[in-house]
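Participant: Next comes final31.cif, mmCIF, C-alpha atoms:
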data_start
#
loop_
_atom_site.group_PDB
_atom_site.id
_atom_site.type_symbol
_atom_site.label_atom_id
_atom_site.label_comp_id
_atom_site.auth_asym_id
_atom_site.auth_seq_id
_atom_site.Cartn_x
_atom_site.Cartn_y
_atom_site.Cartn_z
ATOM 1 C CA MET A 1 143.444 140.136 -27.098
ATOM 2 C CA PRO A 2 144.142 136.790 -28.204
ATOM 3 C CA ILE A 3 142.232 135.391 -31.172
ATOM 4 C CA THR A 4 141.943 131.748 -31.395
ATOM 5 C CA VAL A 5 140.569 129.774 -34.247
ATOM 6 C CA GLU A 6 139.323 126.390 -33.648
ATOM 7 C CA LEU A 7 139.142 124.099 -36.582
ATOM 8 C CA GLN A 8 136.090 122.075 -36.941
ATOM 9 C CA GLU A 9 136.087 118.567 -38.133
ATOM 10 C CA MET A 10 135.423 118.144 -41.779
ATOM 11 C CA HIS A 11 131.859 117.364 -42.613
ATOM 12 C CA GLN A 12 131.496 114.296 -44.711
ATOM 13 C CA TYR A 13 128.878 114.158 -47.444
ATOM 14 C CA SER A 14 127.281 110.938 -48.501
ATOM 15 C CA ILE A 15 127.872 109.787 -52.072
ATOM 16 C CA VAL A 16 124.441 108.092 -52.290
ATOM 17 C CA PRO A 17 122.525 111.193 -53.498
ATOM 18 C CA LEU A 18 125.108 111.709 -56.262
ATOM 19 C CA VAL A 19 124.767 108.105 -57.384
ATOM 20 C CA ILE A 20 120.967 108.345 -57.414
ATOM 21 C CA LEU A 21 121.105 111.593 -59.409
ATOM 22 C CA GLY A 22 123.523 109.997 -61.892
ATOM 23 C CA VAL A 23 121.259 106.991 -62.354
ATOM 24 C CA ILE A 24 118.241 109.242 -62.948
ATOM 25 C CA ILE A 25 120.096 111.328 -65.552
ATOM 26 C CA LEU A 26 121.398 108.186 -67.268
ATOM 27 C CA ALA A 27 117.921 106.641 -67.313
ATOM 28 C CA LEU A 28 116.363 109.797 -68.741
ATOM 29 C CA THR A 29 118.967 110.030 -71.500
ATOM 30 C CA ILE A 30 118.250 106.437 -72.517
ATOM 31 C CA ILE A 31 114.514 106.058 -71.912
ATOM 32 C CA LEU A 32 113.185 109.422 -73.162
ATOM 33 C CA PRO A 33 114.599 109.092 -76.704
ATOM 34 C CA ILE A 34 113.156 105.580 -76.953
ATOM 35 C CA LEU A 35 109.720 106.779 -75.851
ATOM 36 C CA TRP A 36 109.948 109.733 -78.224
ATOM 37 C CA LEU A 37 110.817 107.474 -81.176
ATOM 38 C CA LYS A 38 107.967 105.119 -80.364
ATOM 39 C CA GLY A 39 105.623 108.081 -80.335
ATOM 40 C CA ILE A 40 106.770 109.106 -83.821
ATOM 41 C CA LYS A 41 106.420 105.614 -85.251
ATOM 42 C CA ARG A 42 102.914 105.194 -83.884
ATOM 43 C CA LYS A 43 100.475 104.981 -86.735
ATOM 44 C CA PRO A 44 97.520 107.328 -86.671
ATOM 45 C CA LYS A 45 94.148 105.744 -86.239
ATOM 46 C CA ALA A 46 92.622 104.690 -89.495
ATOM 47 C CA PRO A 47 89.538 106.706 -90.373
ATOM 48 C CA LYS A 48 86.267 104.885 -90.229
ATOM 49 C CA PRO A 49 85.208 103.672 -93.647
ATOM 50 C CA ALA A 50 82.404 105.631 -95.201
ATOM 51 C CA PRO A 51 79.106 103.818 -95.048
ATOM 52 C CA LYS A 52 78.200 102.130 -98.288
ATOM 53 C CA PRO A 53 75.355 103.890 -100.018
ATOM 54 C CA ILE A 54 72.157 101.949 -100.145
ATOM 55 C CA PRO A 55 71.605 100.923 -103.761
ATOM 56 C CA LEU A 56 68.545 102.416 -105.363
ATOM 57 C CA THR A 57 65.810 100.221 -106.701
ATOM 58 C CA PRO A 58 64.997 100.489 -110.414
ATOM 59 C CA GLU A 59 61.832 102.399 -109.547
ATOM 60 C CA GLN A 60 63.796 104.887 -107.419
ATOM 61 C CA ILE A 61 66.263 105.400 -110.285
ATOM 62 C CA LYS A 62 63.406 105.999 -112.706
ATOM 63 C CA GLU A 63 61.801 108.459 -110.291
ATOM 64 C CA LYS A 64 65.090 110.347 -109.992
ATOM 65 C CA TYR A 65 65.317 110.709 -113.765
ATOM 66 C CA ARG A 66 61.633 111.588 -114.101
ATOM 67 C CA ASP A 67 62.333 114.492 -111.754
ATOM 68 C CA LYS A 68 65.336 115.506 -113.857
ATOM 69 C CA LEU A 69 63.221 115.369 -117.016
ATOM 70 C CA SER A 70 60.564 117.556 -115.371
ATOM 71 C CA ASP A 71 63.260 120.016 -114.300
ATOM 72 C CA LEU A 72 64.671 120.144 -117.837
ATOM 73 C CA GLU A 73 61.197 120.670 -119.269
ATOM 74 C CA ALA A 74 60.497 123.516 -116.823
ATOM 75 C CA ARG A 75 63.800 125.231 -117.657
ATOM 76 C CA CYS A 76 62.983 124.972 -121.378
ATOM 77 C CA ARG A 77 59.541 126.499 -120.849
ATOM 78 C CA ASN A 78 61.053 129.350 -118.791
ATOM 79 C CA GLY A 79 63.663 130.043 -121.452
ATOM 80 C CA GLN A 80 66.560 129.175 -119.131
ATOM 81 C CA THR A 81 67.894 126.518 -121.534
ATOM 82 C CA ASP A 82 68.082 126.758 -125.289
ATOM 83 C CA ASN A 83 67.034 123.932 -127.578
ATOM 84 C CA ARG A 84 70.519 122.664 -128.372
ATOM 85 C CA ALA A 85 71.673 122.578 -124.736
ATOM 86 C CA ALA A 86 68.423 120.871 -123.742
ATOM 87 C CA TYR A 87 68.984 118.111 -126.306
ATOM 88 C CA GLN A 88 72.559 117.650 -125.127
ATOM 89 C CA GLU A 89 71.438 117.399 -121.510
ATOM 90 C CA LEU A 90 68.618 115.012 -122.415
ATOM 91 C CA SER A 91 70.991 112.734 -124.318
ATOM 92 C CA VAL A 92 73.470 112.557 -121.429
ATOM 93 C CA MET A 93 70.677 112.144 -118.890
ATOM 94 C CA MET A 94 69.109 109.175 -120.659
ATOM 95 C CA ARG A 95 72.484 107.484 -121.150
ATOM 96 C CA TYR A 96 73.177 107.755 -117.422
ATOM 97 C CA CYS A 97 69.706 106.509 -116.581
ATOM 98 C CA ALA A 98 70.264 103.433 -118.760
ATOM 99 C CA TYR A 99 73.690 102.962 -117.174
ATOM 100 C CA GLU A 100 72.290 103.077 -113.647
ATOM 101 C CA LEU A 101 69.483 100.674 -114.514
ATOM 102 C CA THR A 102 71.482 98.122 -116.520
ATOM 103 C CA GLY A 103 75.048 98.502 -115.302
ATOM 104 C CA LYS A 104 76.242 98.695 -118.912
ATOM 105 C CA PRO A 105 78.524 101.713 -119.485
ATOM 106 C CA VAL A 106 76.273 103.129 -122.216
ATOM 107 C CA HIS A 107 77.161 106.668 -121.150
ATOM 108 C CA LYS A 108 80.495 106.027 -122.933
ATOM 109 C CA TYR A 109 79.106 104.256 -126.020
ATOM 110 C CA THR A 110 78.902 105.635 -129.532
ATOM 111 C CA LEU A 111 75.629 105.314 -131.412
ATOM 112 C CA ASP A 112 76.935 102.176 -133.168
ATOM 113 C CA GLU A 113 77.835 100.609 -129.840
ATOM 114 C CA LEU A 114 74.416 101.536 -128.475
ATOM 115 C CA MET A 115 72.804 99.585 -131.318
ATOM 116 C CA ARG A 116 74.549 96.454 -130.049
ATOM 117 C CA GLY A 117 73.655 97.284 -126.416
ATOM 118 C CA ASN A 118 70.121 95.866 -126.649
ATOM 119 C CA ILE A 119 68.435 98.553 -124.559
ATOM 120 C CA PRO A 120 64.934 99.100 -125.951
ATOM 121 C CA GLY A 121 64.242 102.588 -127.263
ATOM 122 C CA LEU A 122 67.573 104.129 -126.226
ATOM 123 C CA VAL A 123 69.105 104.061 -129.717
ATOM 124 C CA GLU A 124 66.076 105.747 -131.276
ATOM 125 C CA LEU A 125 65.923 108.348 -128.520
ATOM 126 C CA ILE A 126 69.634 109.219 -128.769
ATOM 127 C CA ASP A 127 69.332 109.266 -132.567
ATOM 128 C CA ASP A 128 66.434 111.752 -132.238
ATOM 129 C CA CYS A 129 68.684 113.947 -130.079
ATOM 130 C CA TYR A 130 71.666 113.896 -132.466
ATOM 131 C CA ALA A 131 70.344 116.238 -135.169
ATOM 132 C CA PRO A 132 69.197 119.084 -132.875
ATOM 133 C CA GLU A 133 72.173 118.494 -130.610
ATOM 134 C CA PHE A 134 74.911 118.796 -133.234
ATOM 135 C CA SER A 135 73.413 120.734 -136.132
ATOM 136 C CA GLN A 136 73.287 124.524 -136.197
ATOM 137 C CA ASP A 137 70.021 124.853 -138.151
ATOM 138 C CA GLU A 138 68.150 121.718 -137.077
ATOM 139 C CA LYS A 139 65.247 122.462 -134.775
ATOM 140 C CA GLY A 140 63.485 119.778 -132.862
ATOM 141 C CA ASP A 141 60.567 119.662 -130.516
ATOM 142 C CA ILE A 142 62.253 119.195 -127.142
ATOM 143 C CA TYR A 143 58.939 118.701 -125.347
ATOM 144 C CA GLU A 144 58.003 115.841 -127.661
ATOM 145 C CA THR A 145 61.433 114.265 -127.182
ATOM 146 C CA ILE A 146 61.192 114.609 -123.388
ATOM 147 C CA GLU A 147 57.829 112.837 -123.496
ATOM 148 C CA GLU A 148 59.369 110.140 -125.668
ATOM 149 C CA ALA A 149 62.167 109.787 -123.085
ATOM 150 C CA ARG A 150 59.585 109.257 -120.343
ATOM 151 C CA MET A 151 57.870 106.535 -122.383
ATOM 152 C CA VAL A 152 61.172 104.810 -123.232
ATOM 153 C CA MET A 153 62.296 104.918 -119.619
ATOM 154 C CA GLY A 154 58.985 103.335 -118.587
ATOM 155 C CA GLN A 155 59.850 100.300 -120.754
ATOM 156 C CA TRP A 156 63.140 99.640 -118.976
ATOM 157 C CA ARG A 157 63.325 97.232 -116.073
#
Can you turn what I pasted into structure tokens?
Facilitator:
Amino acid sequence: MPITVELQEMHQYSIVPLVILGVIILALTIILPILWLKGIKRKPKAPKPAPKPIPLTPEQIKEKYRDKLSDLEARCRNGQTDNRAAYQELSVMMRYCAYELTGKPVHKYTLDELMRGNIPGLVELIDDCYAPEFSQDEKGDIYETIEEARMVMGQWR
């Protein structure tokens, strides 16, 4: 039995698909790193600025501190705050009230600097707070001083 093998003609492949594949690979190796670097350098969006608070009117500031004075008075009556701490809080509170109303940084002033600050009644009020605030045996009437603070604050514009 004879076996014969017939050779077939060689199949020829086109080079075009290889060229296209090479171009795609080359393009990806060049373009992707550029896109990636641009993505890294992109700045994040700036956050929206916080809305500016609406400034309070002098009457609103006074009302805020009247409420704080009433709260301090109630805590003193309930025994939640001792005399010395109440005088310290009252002194700080009135300094901040004067600061908010006038814009002068009186919350940082010494008593001597307050005397030159020309804020009616503040020096006398802070001076009334000093003895009970800093002395161990000095007792003051916190309720009377709180009432004085209300009257002094009423004078401020």
Participant: Write out as an MDAnalysis selection string which residues come within 6 Å of segment 74-91 of chain A when counting only C-alpha atoms, dropping same-chain ones fewer than 3 positions away.
Facilitator: chainID A and resid 71 94 126 129 132:133
Participant: Can you work out the spacing between atom CA of Pro58 of chain A and atom CA of Leu101 of chain A in Å, to one decimal?
Facilitator: 6.1 Å
Participant: For atom CA of Ile61 of chain A and atom CA of Phe134 of chain A, quote the distance in Å rounded to one decimal.
Facilitator: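 Distance between the two atoms: 27.9 Å.
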Participant: Between atom CA of Ile24 of chain A and atom CA of His11 of chain A, what is the distance in Å, rounded to a tenth?
Facilitator: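 Taking atom CA of Ile24 of chain A and atom CA of His11 of chain A, their separation equals 25.8 Å.
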Participant: Would you mind listing what lies within 12 Å of Lys64 of chain A as a compact mmCIF listing (two decimals) with C-alpha atoms, in the frame of the given file, with all atoms listed in the file counted and same-chain residues fewer than 4 positions away left out?
Facilitator:
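Written out: part31.txt:
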# COMPACT_ATOMS: atom_id res chain seq x y z
CA LEU A 56 68.54 102.42 -105.36
CA THR A 57 65.81 100.22 -106.70
CA PRO A 58 65.00 100.49 -110.41
CA GLU A 59 61.83 102.40 -109.55
CA GLN A 60 63.80 104.89 -107.42
CA LYS A 68 65.34 115.51 -113.86
CA LEU A 69 63.22 115.37 -117.02
CA SER A 70 60.56 117.56 -115.37
CA ASP A 71 63.26 120.02 -114.30
CA MET A 93 70.68 112.14 -118.89
CA MET A 94 69.11 109.18 -120.66
CA TYR A 96 73.18 107.76 -117.42
CA CYS A 97 69.71 106.51 -116.58
CA GLU A 100 72.29 103.08 -113.65
CA LEU A 101 69.48 100.67 -114.51
CA ARG A 150 59.58 109.26 -120.34
CA MET A 153 62.30 104.92 -119.62
Participant: Around all listed atoms of segment 17-30 of chain A, padded 5 Å per side, what centre and edge lengths does the axis-aligned box have in Å to one decimal, as JSON?
Facilitator:
{"center_x": 120.7, "center_y": 109.1, "center_z": -63.0, "size_x": 18.7, "size_y": 15.3, "size_z": 29.0}
Participant: Which neighbours of His107 of chain A fall inside 7 Å, counting only C-alpha atoms, when residues of the same chain fewer than 6 positions from it are skipped, and could you give them as number ranges by chain?
Facilitator: A: 92, 95-96, 99
Participant: Going by the chain IDs and residue numbers used in this file, which residues fall under the PyMOL selection byres ((chain A and resi 146) around 9)? Write them as a PyMOL selection string.
Facilitator: chain A and resi 69-70+72-73+90+141-145+147-151
Participant: I need the residue nearest Glu124 of chain A from this list: A:Ala98, A:Glu63, A:Val152, A:Lys139. Use all atoms listed in the file for the distance.
Facilitator: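 Among the listed residues, A:Val152 lies closest to Glu124 of chain A.
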Participant: Between A:Val106, A:Pro53, A:Lys48, A:Val23, which has the minimum distance to Asn118 of chain A (counting all atoms listed in the file)?
Facilitator: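 Between A:Val106, A:Pro53, A:Lys48, A:Val23, the residue approaching Asn118 of chain A most closely is A:Val106.
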Participant: Nearest to Gly154 of chain A: which of A:Lys62, A:Trp36, A:Glu113, A:Tyr130 is it, counting only C-alpha atoms?
Facilitator: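 Distance minimum relative to Gly154 of chain A lands on A:Lys62.
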